[in-house]
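Trainee: So here's my_file_36.cif (mmCIF, C-alpha atoms).
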```cif
data_final
loop_
_atom_site.label_atom_id
_atom_site.label_comp_id
_atom_site.auth_asym_id
_atom_site.auth_seq_id
_atom_site.Cartn_x
_atom_site.Cartn_y
_atom_site.Cartn_z
CA MET A 1 71.76 94.35 112.71
CA SER A 2 68.24 93.49 113.84
CA PRO A 3 67.41 89.93 114.97
CA ALA A 4 65.24 89.47 111.88
CA ARG A 5 68.01 90.66 109.62
CA SER A 6 70.52 88.40 111.36
CA ALA A 7 68.23 85.43 110.86
CA ALA A 8 67.87 86.25 107.17
CA VAL A 9 71.66 86.41 106.74
CA LEU A 10 72.07 83.07 108.51
CA LEU A 11 69.40 81.58 106.27
CA LEU A 12 71.21 82.80 103.16
CA ALA A 13 74.48 81.36 104.46
CA ALA A 14 72.78 77.99 104.81
CA PHE A 15 72.30 77.97 101.02
CA ALA A 16 76.00 78.38 100.24
CA ARG A 17 76.89 76.15 97.32
CA ALA A 18 79.65 73.75 98.31
CA ASP A 19 79.39 72.22 94.83
CA ARG A 20 80.49 75.45 93.17
CA HIS A 21 83.85 77.19 92.88
CA ALA A 22 85.17 80.62 91.91
CA VAL A 23 88.60 81.38 90.48
CA LEU A 24 89.79 84.99 90.48
CA ILE A 25 92.62 85.65 88.02
CA ASP A 26 94.13 88.88 89.33
CA ILE A 27 96.75 90.37 86.98
CA ASP A 28 98.48 93.38 88.47
CA GLY A 29 98.73 96.56 86.44
CA VAL A 30 97.37 95.69 82.97
CA ARG A 31 95.26 98.12 80.98
CA ARG A 32 92.01 96.99 79.42
CA ASP A 33 93.20 97.64 75.85
CA THR A 34 96.54 95.90 76.46
CA PHE A 35 94.83 92.73 77.61
CA ALA A 36 92.17 92.82 74.86
CA GLU A 37 94.84 93.22 72.17
CA ALA A 38 96.84 90.25 73.45
CA PHE A 39 93.68 88.14 73.76
CA ASP A 40 92.25 89.04 70.37
CA SER A 41 95.57 88.31 68.65
CA GLY A 42 95.29 84.67 69.72
CA ARG A 43 98.42 84.81 71.88
CA LEU A 44 96.59 83.73 75.06
CA PRO A 45 95.23 80.24 74.25
CA ASN A 46 94.85 79.16 77.88
CA LEU A 47 92.92 82.25 78.84
CA ALA A 48 90.81 81.65 75.71
CA ARG A 49 89.89 78.22 77.14
CA ILE A 50 87.96 80.13 79.77
CA PHE A 51 86.97 83.49 78.33
CA ALA A 52 86.34 82.99 74.60
CA GLY A 53 82.61 82.85 75.32
CA ALA A 54 82.47 85.05 78.41
CA VAL A 55 80.95 88.35 79.46
CA TRP A 56 83.37 91.20 78.68
CA PHE A 57 82.86 94.48 80.50
CA ASP A 58 84.14 97.07 78.06
CA ASN A 59 83.95 100.02 80.46
CA ALA A 60 85.38 98.64 83.70
CA SER A 61 87.42 100.86 85.98
CA THR A 62 89.43 100.74 89.14
CA VAL A 63 89.40 103.07 92.14
CA VAL A 64 91.26 106.31 92.91
CA PRO A 65 94.13 106.35 93.57
CA SER A 66 94.76 103.68 90.97
CA VAL A 67 97.52 101.93 92.92
CA THR A 68 97.93 98.36 94.08
CA MET A 69 97.14 98.35 97.79
CA ALA A 70 94.01 100.50 97.51
CA ALA A 71 92.72 98.62 94.47
CA GLN A 72 93.48 95.11 95.70
CA ALA A 73 91.61 95.94 98.89
CA SER A 74 88.67 97.06 96.77
CA ILE A 75 88.67 93.78 94.85
CA VAL A 76 88.59 91.57 97.94
CA THR A 77 86.21 93.69 100.04
CA GLY A 78 83.92 94.94 97.28
CA THR A 79 84.23 98.50 98.59
CA PRO A 80 86.05 101.73 97.60
CA PRO A 81 88.95 103.10 99.69
CA SER A 82 86.58 105.41 101.56
CA ARG A 83 85.04 102.30 103.11
CA HIS A 84 87.83 99.73 103.30
CA GLY A 85 90.33 102.14 104.83
CA VAL A 86 93.44 101.64 102.68
CA PRO A 87 93.82 104.96 100.82
CA GLY A 88 96.90 104.08 98.80
CA ASN A 89 100.35 102.53 98.71
CA GLN A 90 101.40 105.27 101.13
CA TRP A 91 99.45 106.96 103.89
CA TYR A 92 100.24 108.71 107.14
CA ASP A 93 98.76 107.40 110.37
CA ARG A 94 97.78 110.43 112.44
CA GLU A 95 97.49 108.32 115.60
CA THR A 96 100.97 106.82 115.51
CA GLY A 97 102.80 109.45 113.48
CA TYR A 98 104.00 106.78 111.04
CA LEU A 99 104.09 106.96 107.25
CA PHE A 100 103.09 103.54 105.98
CA ASP A 101 104.70 102.57 102.68
CA TYR A 102 103.62 99.13 101.56
CA MET A 103 105.85 99.11 98.48
CA ASN A 104 109.37 99.57 99.81
CA ALA A 105 111.38 96.49 100.87
CA ALA A 106 110.29 96.71 104.50
CA GLY A 107 106.70 97.39 103.51
CA ILE A 108 106.45 94.44 101.14
CA SER A 109 107.90 92.14 103.80
CA CYS A 110 105.47 93.48 106.39
CA THR A 111 102.52 93.20 104.02
CA TYR A 112 103.29 89.52 103.60
CA GLY A 113 103.55 88.99 107.35
CA PHE A 114 107.30 88.90 107.91
CA ALA A 115 108.03 90.67 111.19
CA VAL A 116 111.83 90.86 110.87
CA LEU A 117 112.04 94.46 109.67
CA GLU A 118 108.94 96.10 111.11
CA GLY A 119 108.00 94.08 114.18
CA PRO A 120 104.71 92.63 115.49
CA GLN A 121 102.49 94.94 113.43
CA CYS A 122 103.45 92.78 110.43
CA LEU A 123 102.04 89.56 111.84
CA ALA A 124 99.06 88.36 109.79
CA GLY A 125 99.91 90.95 107.14
CA LEU A 126 100.02 94.73 107.43
CA GLY A 127 97.34 95.35 104.81
CA ASN A 128 95.03 92.84 106.49
CA ARG A 129 95.44 94.67 109.79
CA HIS A 130 94.52 97.99 108.17
CA LEU A 131 91.29 96.83 106.49
CA GLN A 132 88.10 98.40 107.83
CA ALA A 133 85.71 96.31 105.72
CA PRO A 134 85.26 92.52 105.65
CA THR A 135 86.79 90.51 102.84
CA MET A 136 84.96 88.02 100.67
CA TYR A 137 87.11 85.37 102.34
CA GLU A 138 85.66 86.27 105.73
CA ALA A 139 82.14 86.20 104.33
CA ALA A 140 82.77 82.83 102.70
CA ALA A 141 84.22 81.40 105.90
CA ALA A 142 81.10 82.47 107.80
CA ALA A 143 79.13 80.30 105.37
CA GLY A 144 81.48 77.35 105.83
CA LEU A 145 83.35 77.82 102.54
CA ALA A 146 87.13 77.70 102.19
CA SER A 147 89.28 80.18 100.30
CA ILE A 148 92.92 80.40 99.32
CA PRO A 149 94.36 83.61 97.85
CA ILE A 150 97.85 82.81 96.55
CA PHE A 151 100.49 85.51 97.18
CA ASN A 152 97.92 88.34 97.24
CA GLN A 153 98.50 91.18 99.69
CA TYR A 154 95.17 90.43 101.39
CA TRP A 155 94.07 87.07 102.75
CA LYS A 156 92.12 87.99 105.87
CA GLY A 157 89.58 85.27 106.67
CA ALA A 158 90.95 82.72 104.22
CA ALA A 159 90.87 79.15 105.45
CA ARG A 160 94.25 78.47 103.87
CA PRO A 161 96.21 81.72 103.73
CA GLY A 162 98.47 81.71 100.70
CA ALA A 163 101.10 84.24 101.74
CA PRO A 164 104.66 83.40 100.65
CA THR A 165 106.80 81.32 102.96
CA THR A 166 110.21 82.57 104.03
CA ALA A 167 111.87 80.32 101.44
CA GLU A 168 109.58 81.57 98.67
CA ALA A 169 110.13 85.19 99.64
CA THR A 170 113.89 84.70 99.70
CA ALA A 171 113.66 83.48 96.10
CA PHE A 172 111.83 86.52 94.76
CA LEU A 173 113.04 89.29 97.11
CA LYS A 174 116.63 90.02 96.22
CA ASN A 175 118.70 93.16 96.87
CA ASN A 176 115.65 94.99 98.20
CA ALA A 177 113.81 94.38 94.90
CA LEU A 178 111.09 92.04 93.74
CA ASP A 179 111.93 89.60 90.94
CA TYR A 180 108.51 89.52 89.34
CA ALA A 181 109.08 86.56 87.02
CA VAL A 182 110.22 84.45 89.97
CA PHE A 183 107.26 85.73 92.00
CA ASP A 184 104.76 84.53 89.38
CA ARG A 185 106.52 81.18 89.00
CA LYS A 186 106.54 80.60 92.75
CA MET A 187 102.90 81.70 92.98
CA THR A 188 101.93 79.19 90.29
CA ASP A 189 103.92 76.41 91.94
CA ARG A 190 102.16 77.08 95.25
CA ALA A 191 98.76 77.02 93.53
CA LEU A 192 99.58 73.70 91.86
CA ALA A 193 100.75 72.20 95.14
CA GLU A 194 97.63 73.37 96.99
CA LEU A 195 95.31 72.01 94.32
CA ARG A 196 97.01 68.64 94.21
CA ALA A 197 97.07 68.34 97.98
CA ARG A 198 93.63 69.66 98.89
CA GLY A 199 91.58 70.14 95.75
CA LEU A 200 89.86 73.27 94.45
CA PRO A 201 88.54 75.50 97.25
CA ALA A 202 85.37 77.56 97.04
CA ILE A 203 87.48 80.63 96.15
CA LEU A 204 90.92 80.45 94.56
CA THR A 205 92.70 83.75 93.89
CA LEU A 206 95.70 83.65 91.55
CA TYR A 207 97.69 86.87 91.85
CA TYR A 208 100.15 87.59 89.02
CA ALA A 209 102.43 90.54 89.85
CA GLY A 210 104.87 90.22 86.96
CA ALA A 211 103.03 92.24 84.34
CA ASP A 212 103.12 95.28 86.63
CA GLY A 213 106.85 94.94 87.23
CA ILE A 214 107.56 94.54 83.52
CA GLY A 215 105.33 97.53 82.77
CA HIS A 216 107.14 99.76 85.24
CA LYS A 217 110.55 98.94 83.82
CA GLN A 218 109.90 98.52 80.11
CA GLY A 219 106.58 100.21 79.40
CA ILE A 220 103.18 99.05 78.28
CA GLY A 221 104.47 97.43 75.09
CA ALA A 222 106.37 94.80 77.08
CA GLN A 223 103.28 93.52 78.85
CA GLY A 224 101.70 91.70 75.91
CA PRO A 225 104.72 89.42 75.45
CA TYR A 226 104.80 88.77 79.19
CA LEU A 227 101.11 87.86 79.22
CA ALA A 228 101.67 85.46 76.32
CA GLY A 229 105.04 84.04 77.30
CA ALA A 230 104.68 83.76 81.08
CA ILE A 231 101.22 84.24 82.55
CA ASP A 232 99.19 82.33 79.97
CA PRO A 233 101.36 79.16 80.08
CA MET A 234 101.43 79.21 83.88
CA LEU A 235 97.65 79.55 83.98
CA GLY A 236 97.44 76.63 81.58
CA GLU A 237 99.22 74.45 84.13
CA VAL A 238 96.65 75.42 86.75
CA LEU A 239 93.73 74.72 84.40
CA ASP A 240 95.12 71.29 83.54
CA VAL A 241 95.24 70.36 87.23
CA ILE A 242 91.72 71.69 87.84
CA ALA A 243 90.41 69.70 84.86
CA GLY A 244 92.13 66.59 86.20
CA LEU A 245 90.52 67.05 89.59
CA ASP A 246 87.03 67.70 88.22
CA PRO A 247 86.03 66.86 84.63
CA GLU A 248 82.88 68.98 85.14
CA TRP A 249 84.82 72.13 86.13
CA ARG A 250 83.35 74.23 83.34
CA SER A 251 79.81 73.68 84.60
CA ASN A 252 80.44 74.54 88.25
CA THR A 253 83.22 77.14 88.28
CA LEU A 254 82.94 80.90 87.94
CA PHE A 255 86.04 82.55 86.48
CA VAL A 256 86.72 86.26 86.89
CA LEU A 257 89.70 88.04 85.34
CA THR A 258 90.65 91.58 86.23
CA ALA A 259 93.52 93.94 86.98
CA ASP A 260 93.86 96.23 89.95
CA HIS A 261 94.81 99.25 87.83
CA GLY A 262 95.93 100.32 84.38
CA ARG A 263 98.95 102.45 83.51
CA THR A 264 100.42 105.15 81.28
CA ASP A 265 103.78 105.27 79.50
CA VAL A 266 105.81 108.13 80.93
CA THR A 267 108.18 110.77 79.60
CA PRO A 268 110.78 112.65 81.63
CA HIS A 269 109.45 115.52 83.71
CA PRO A 270 112.31 116.71 85.92
CA GLU A 271 109.99 118.49 88.34
CA ASP A 272 108.23 115.19 89.16
CA LYS A 273 111.22 113.70 90.96
CA GLN A 274 111.28 116.51 93.52
CA LEU A 275 107.57 117.25 93.56
CA ALA A 276 106.89 115.82 97.02
CA ALA A 277 109.82 117.74 98.47
CA THR A 278 108.72 120.93 96.72
CA LEU A 279 105.22 120.56 98.15
CA ALA A 280 106.64 119.99 101.62
CA ALA A 281 108.70 123.17 101.34
CA ALA A 282 105.65 125.13 100.19
CA VAL A 283 103.51 123.95 103.13
CA PRO A 284 105.42 124.54 106.38
CA GLN A 285 102.56 123.09 108.41
CA ALA A 286 102.79 119.76 106.58
CA ILE A 287 103.88 116.82 108.72
CA SER A 288 103.94 114.26 105.93
CA ILE A 289 103.28 113.83 102.23
CA ALA A 290 102.17 110.44 100.90
CA ALA A 291 102.83 109.84 97.21
CA ASN A 292 100.54 107.50 95.29
CA GLY A 293 101.59 107.78 91.68
CA GLY A 294 99.32 110.41 90.19
CA VAL A 295 97.72 111.36 93.51
CA GLY A 296 99.33 112.76 96.65
CA TYR A 297 98.12 113.36 100.21
CA ILE A 298 99.31 116.31 102.32
CA TYR A 299 98.87 115.80 106.07
CA LEU A 300 98.89 118.95 108.21
CA ARG A 301 99.56 119.76 111.85
CA GLN A 302 96.27 120.78 113.47
CA PRO A 303 94.46 121.47 110.20
CA ASN A 304 91.97 124.34 110.17
CA ARG A 305 89.04 123.09 108.11
CA GLU A 306 87.94 126.59 107.20
CA MET A 307 91.41 127.51 105.97
CA LEU A 308 92.04 124.34 103.95
CA PRO A 309 90.32 125.66 100.79
CA VAL A 310 92.36 128.86 101.09
CA LEU A 311 95.61 126.92 101.39
CA ALA A 312 94.60 124.70 98.47
CA GLY A 313 93.99 127.80 96.37
CA GLN A 314 97.36 129.26 97.27
CA LEU A 315 99.10 126.08 96.21
CA ARG A 316 97.18 125.93 92.95
CA ASP A 317 98.35 129.47 92.17
CA ASP A 318 101.97 128.67 92.99
CA PRO A 319 103.92 128.70 89.70
CA ARG A 320 106.10 125.82 90.91
CA PHE A 321 103.15 123.48 90.44
CA SER A 322 101.59 124.89 87.28
CA THR A 323 102.93 122.24 84.91
CA ALA A 324 102.56 119.10 87.03
CA VAL A 325 99.52 119.67 89.25
CA ALA A 326 95.97 119.46 87.92
CA SER A 327 94.13 120.15 91.18
CA ILE A 328 94.59 120.59 94.92
CA ARG A 329 91.57 120.39 97.18
CA ALA A 330 90.54 119.77 100.76
CA ARG A 331 89.50 116.28 101.80
CA THR A 332 85.73 115.71 101.77
CA PRO A 333 83.54 113.15 103.59
CA ASP A 334 83.57 111.08 100.38
CA ASP A 335 87.34 110.62 100.61
CA PRO A 336 89.01 108.03 102.83
CA GLN A 337 89.44 109.33 106.38
CA ARG A 338 93.05 108.18 106.25
CA SER A 339 93.81 110.28 103.17
CA GLY A 340 95.50 113.66 103.56
CA ASP A 341 93.96 116.94 104.63
CA LEU A 342 94.75 118.14 101.11
CA ILE A 343 94.53 115.91 98.05
CA VAL A 344 96.78 116.62 95.08
CA THR A 345 95.95 115.27 91.62
CA LEU A 346 98.62 115.47 88.93
CA ARG A 347 98.26 116.15 85.24
CA GLU A 348 98.29 113.32 82.74
CA GLY A 349 101.77 111.90 82.34
CA HIS A 350 103.02 113.37 85.62
CA TYR A 351 103.72 111.14 88.63
CA PHE A 352 105.41 111.57 91.97
CA GLY A 353 108.96 110.30 91.52
CA ASN A 354 108.47 109.81 87.78
CA PRO A 355 111.62 107.99 86.55
CA GLY A 356 111.07 109.10 82.96
CA ILE A 357 111.20 105.55 81.58
CA GLY A 358 108.72 102.69 81.43
CA SER A 359 105.21 103.32 82.66
CA HIS A 360 103.42 104.36 85.83
CA HIS A 361 99.92 104.65 87.31
CA GLY A 362 97.91 106.16 90.15
CA GLY A 363 96.28 108.95 88.18
CA ILE A 364 92.72 109.62 87.10
CA GLN A 365 93.21 109.42 83.32
CA ALA A 366 91.56 106.66 81.31
CA GLY A 367 94.73 104.61 80.85
CA ASP A 368 95.30 104.37 84.61
CA LEU A 369 91.66 103.71 85.49
CA GLY A 370 90.59 101.35 82.71
CA VAL A 371 91.06 97.66 83.53
CA PRO A 372 90.05 94.35 81.95
CA LEU A 373 87.09 92.69 83.61
CA VAL A 374 85.85 89.41 82.14
CA VAL A 375 83.47 86.92 83.73
CA ALA A 376 82.87 83.34 82.60
CA SER A 377 79.83 82.12 84.49
CA PRO A 378 78.24 78.74 83.75
CA GLY A 379 75.01 79.34 81.86
CA ALA A 380 75.66 83.03 81.15
CA PRO A 381 75.60 83.91 77.43
CA PRO A 382 78.67 85.57 75.91
CA ALA A 383 78.37 89.32 75.65
CA HIS A 384 80.02 92.70 75.57
CA VAL A 385 78.63 95.05 78.19
CA ALA A 386 79.02 98.79 77.66
CA VAL A 387 77.67 99.93 81.03
CA ALA A 388 80.27 101.37 83.40
CA VAL A 389 81.26 98.93 86.15
CA SER A 390 83.90 98.81 88.87
CA ILE A 391 86.28 96.30 90.41
CA THR A 392 84.32 96.86 93.64
CA GLN A 393 81.55 94.70 92.13
CA ILE A 394 83.67 91.56 91.86
CA ALA A 395 83.38 90.36 95.47
CA ARG A 396 79.58 90.43 95.47
CA THR A 397 79.51 88.66 92.10
CA ILE A 398 81.57 85.81 93.54
CA ALA A 399 79.49 85.75 96.73
CA ASP A 400 76.22 85.56 94.81
CA TYR A 401 77.46 82.73 92.61
CA LEU A 402 78.64 80.72 95.61
CA GLY A 403 75.47 81.48 97.53
CA PHE A 404 76.75 83.32 100.60
CA PRO A 405 75.71 86.82 101.74
CA MET A 406 78.03 89.82 101.52
CA GLU A 407 75.89 92.84 102.23
CA SER A 408 78.86 95.09 102.92
CA ALA A 409 79.99 94.91 99.29
CA ASP A 410 78.87 96.88 96.25
CA PRO A 411 76.19 95.30 93.99
CA PRO A 412 77.24 92.42 91.71
CA LEU A 413 78.17 92.72 88.07
CA PRO A 414 75.38 92.25 85.48
CA VAL A 415 76.72 88.89 84.34
CA LYS A 416 73.63 88.06 82.26
CA PRO A 417 73.18 91.32 80.32
CA ARG A 418 70.58 92.26 77.78
CA GLY A 419 71.51 93.79 74.46
CA ARG A 420 74.25 93.07 71.98
CA VAL A 421 75.73 89.61 72.29
CA ALA A 422 78.97 88.66 70.59
CA THR A 423 81.65 86.08 71.18
CA ARG A 424 85.29 86.96 70.75
CA GLN A 425 86.91 85.16 67.85
#
```
Mind turning the file's structure into structure tokens?
Mentor:
Amino acid sequence: MSPARSAAVLLLAAFARADRHAVLIDIDGVRRDTFAEAFDSGRLPNLARIFAGAVWFDNASTVVPSVTMAAQASIVTGTPPSRHGVPGNQWYDRETGYLFDYMNAAGISCTYGFAVLEGPQCLAGLGNRHLQAPTMYEAAAAAGLASIPIFNQYWKGAARPGAPTTAEATAFLKNNALDYAVFDRKMTDRALAELRARGLPAILTLYYAGADGIGHKQGIGAQGPYLAGAIDPMLGEVLDVIAGLDPEWRSNTLFVLTADHGRTDVTPHPEDKQLAATLAAAVPQAISIAANGGVGYIYLRQPNREMLPVLAGQLRDDPRFSTAVASIRARTPDDPQRSGDLIVTLREGHYFGNPGIGSHHGGIQAGDLGVPLVVASPGAPPAHVAVAVSITQIARTIADYLGFPMESADPPLPVKPRGRVATRQ
């Protein structure tokens, strides 16, 4: 950065608004239509306290692959996986020869900074260590503003990191599985304790994982009741504390609600359970296959770039993959460098390891990509915005409202749109 540019950034940072706050309500794994239906039915009264007169983005989408670790990184950095460096829940590190899996028991522990199972690489959080783009928390800290992301997988740069303590993790990690209802309760309790002890920071991120867990086990239909019966009341507790701390909270606090990905109800496809193994058998030169729901990465020994399209074509013509696989192609410069040499995209309803019950995600179909994105900004008129937007625009929106620069992020959301204006009833 040139000296003049550096001076301009420092000048912008000097105008950071310490009198403003931003609250990010991050609900894991809820489709846009699922959330809208629950909201419009009147079952989410506490969320309605914030978003009844907000800006609703009716064509918001997540990134590909539509899985948690890639998408959460995109939310907090304001960049797609090709720039932030986390290509999915699984990826193979060519330098170390290690297949990272953030979602198994060891991976979850390591992501939250517990070094017992995986060693020193877990300290400060595995996902944080893998990021190749700055977070909004780092940008806020450079401007003298404090952040606290509660129980999110990423907290790099936050003044008060909100990763679970050992005691909290012991409560929600049982028998190598995550108890999502306990997770959300513990997350809310931590948020309440932080607010009461230190007040509302510049950025507060509330990460609710339970809707995703319920969706995986019971399907999309179970998420509405969980939103109404668990998340909305817990959020109400947080809002009551915020209102008690600052009676003027509505006039100085930006609220953003989103999800990291959507999902699709699944049906049994027996070939899906063995799909990764079948691909490995079909590609002898493969050293690892990373499964990310509806997208897979094939990593090859000494890949020949000229031969990759040929190999991709051979796999596409293989009858073993005709029903499950939509496309196989070579990695391009637009893809994350850490993704595979070959990228496999599955057909709608097909997922690596598909259990045949509940719902899944990671694909490129509308249900997996479409997410709720609602912004309540003081002074912004209520509206429905039809233009296509992305979760990568959230970080810059928060940065602009709080007055600190974040040039690495995608442009902000059009929070004050022109056109049709309508409040939700």
Trainee: Between A:Pro149, A:Ile214, A:Tyr137, A:Gly224, which one has atoms that come closest to Asp40 in chain A, using only C-alpha atoms?
Mentor: A:Gly224
Trainee: CA of Ala163 in chain A to CA of Ala211 in chain A: how many Å, to one decimal?
Mentor: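 Distance reported for this atom pair: 19.2 Å.
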Trainee: Using only C-alpha atoms, which of A:Glu138, A:Asp335, A:Asp240, A:Asp260 sits nearest Gly362 in chain A?
Mentor: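 Of the candidates, the smallest distance to Gly362 in chain A is held by A:Asp260.
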Trainee: The PyMOL selection byres ((chain A and resi 296-300) around 6) on the file shown: which residues, as a list in words?
Mentor: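 Evaluating the PyMOL selection byres ((chain A and resi 296-300) around 6) on this file yields Gln285, Ala286, Ile287, Ser288, Ile289, Ala290, Ala291, Asn292, Val295, Arg301, Pro303, Gly340, Asp341, Leu342, Ile343 and Val344 of chain A.
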Trainee: Would you kindly translate the PyMOL selection byres ((chain A and resi 179-182) around 12) into the concrete residues it picks from this file, as a ChimeraX atom specification?
Mentor: /A:28,151,168-178,183-189,207-217,226-227,229-231,234
Trainee: What separation in Å, quoted to one decimal, exists between CA of Gln393 in chain A and CA of Ala52 in chain A?
Mentor: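 Distance between the two atoms: 21.6 Å.
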Trainee: Please measure the separation of CA of Ala54 in chain A and CA of Val375 in chain A, giving the value in Å to one decimal.
Mentor: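 Here the two named atoms are 5.7 Å from each other.
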Trainee: Apply the PyMOL selection byres ((chain A and resi 97-103) around 9) to the structure shown and report the selected residues as a PyMOL selection string.
Mentor: chain A and resi 69+88-96+104-111+126-127+287-290
Trainee: Env of Ile364 in chain A: 7 Å cut, atoms = only C-alpha atoms, seq-sep filter 4 positions within chain, self excluded. Answer as a PyMOL selection string.
Mentor: chain A and resi 64+368-369
Trainee: Keeping only C-alpha atoms, write the selected residues to a file as a compact mmCIF listing (two decimals), keeping the file's coordinate frame.
Mentor:
```
# COMPACT_ATOMS: atom_id res chain seq x y z
CA VAL A 64 91.26 106.31 92.91
CA ASP A 368 95.30 104.37 84.61
CA LEU A 369 91.66 103.71 85.49
```
Trainee: Using all atoms listed in the file for the distances, tell me which of A:Ser390, A:Ile148, A:Pro65, A:Gly53 is nearest to Thr345 in chain A.
Mentor: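 Closest residue, counting all atoms listed in the file: A:Pro65.
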Trainee: Return the single residue from A:Thr392, A:Thr165, A:Ser377, A:Ser147 that is closest to Arg83 in chain A, with distances computed using only C-alpha atoms.
Mentor: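 Among A:Thr392, A:Thr165, A:Ser377, A:Ser147, it is A:Thr392 that comes nearest to Arg83 in chain A.
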Trainee: Contacts of Thr62 in chain A at 10 Å or less, counting all atoms listed in the file, minus same-chain residues fewer than 5 places along, as an MDAnalysis selection string?
Mentor: chainID A and resid 67 70:72 74:75 80 258:262 364 368:372 389:392
Trainee: My list of candidates is A:Lys156, A:Gly236, A:Gln218, A:Ala202. Which is closest to Asn46 in chain A when distances are computed with only C-alpha atoms?
Mentor: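 Smallest distance to Asn46 in chain A is found for A:Gly236.
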Trainee: Compare A:Ala399, A:Leu195, A:Ala73, A:Leu24 by their minimum atom-to-atom distance to Gln153 in chain A, counting only C-alpha atoms, and give me the closest one.
Mentor: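 Counting only C-alpha atoms, the residue closest to Gln153 in chain A is A:Ala73.
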Trainee: For Ala124 in chain A, please output as a list in words all residues within 12 Å (counting only C-alpha atoms; exclusion window: fewer than 2 positions along the same chain).
Mentor: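 These residues fall inside the cut-off: Ser109, Cys110, Thr111, Tyr112, Gly113, Phe114, Ala115, Gly119, Pro120, Gln121, Cys122, Leu126, Gly127, Asn128, Arg129, His130, Leu131, Gln153, Tyr154, Trp155, Lys156, Gly157, Ala158, Pro161, Gly162, Ala163 and Pro164 of chain A.
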Trainee: Using only C-alpha atoms, please write the residues we just selected to a file, as a compact mmCIF listing (two decimals), keeping the file's coordinate frame.
Mentor:
```
# COMPACT_ATOMS: atom_id res chain seq x y z
CA SER A 109 107.90 92.14 103.80
CA CYS A 110 105.47 93.48 106.39
CA THR A 111 102.52 93.20 104.02
CA TYR A 112 103.29 89.52 103.60
CA GLY A 113 103.55 88.99 107.35
CA PHE A 114 107.30 88.90 107.91
CA ALA A 115 108.03 90.67 111.19
CA GLY A 119 108.00 94.08 114.18
CA PRO A 120 104.71 92.63 115.49
CA GLN A 121 102.49 94.94 113.43
CA CYS A 122 103.45 92.78 110.43
CA LEU A 126 100.02 94.73 107.43
CA GLY A 127 97.34 95.35 104.81
CA ASN A 128 95.03 92.84 106.49
CA ARG A 129 95.44 94.67 109.79
CA HIS A 130 94.52 97.99 108.17
CA LEU A 131 91.29 96.83 106.49
CA GLN A 153 98.50 91.18 99.69
CA TYR A 154 95.17 90.43 101.39
CA TRP A 155 94.07 87.07 102.75
CA LYS A 156 92.12 87.99 105.87
CA GLY A 157 89.58 85.27 106.67
CA ALA A 158 90.95 82.72 104.22
CA PRO A 161 96.21 81.72 103.73
CA GLY A 162 98.47 81.71 100.70
CA ALA A 163 101.10 84.24 101.74
CA PRO A 164 104.66 83.40 100.65
```
Trainee: Please provide the set of residues having any atom within 8 Å of Ala312 in chain A, restricted to all atoms listed in the file, with same-chain residues fewer than 6 positions apart removed, written as an MDAnalysis selection string.
Mentor: chainID A and resid 328:330 342
Trainee: Using only C-alpha atoms, determine which residues lie at most 9 Å from range 348-359 of chain A, disregarding the query and same-chain residues fewer than 4 positions distant; provide the list as a PyMOL selection string.
Mentor: chain A and resi 214-220+263-276+291-296+323-326+363-365
Trainee: Show me the residues around (98.0, 93.0, 69.4) - criterion: an atom at most 12 Å away, all atoms listed in the file counted - as a PyMOL selection string.
Mentor: chain A and resi 33-44+220-225+227-228
Trainee: As lines of an AutoDock Vina configuration file, please report the centre and edge lengths, rounded to one decimal in Å, of the axis-aligned box that holds all listed atoms of range 309-320 of chain A with 5 Å of padding on each of the six sides.
Mentor:
```
center_x = 98.2
center_y = 127.1
center_z = 95.5
size_x = 25.8
size_y = 14.8
size_z = 21.7
```
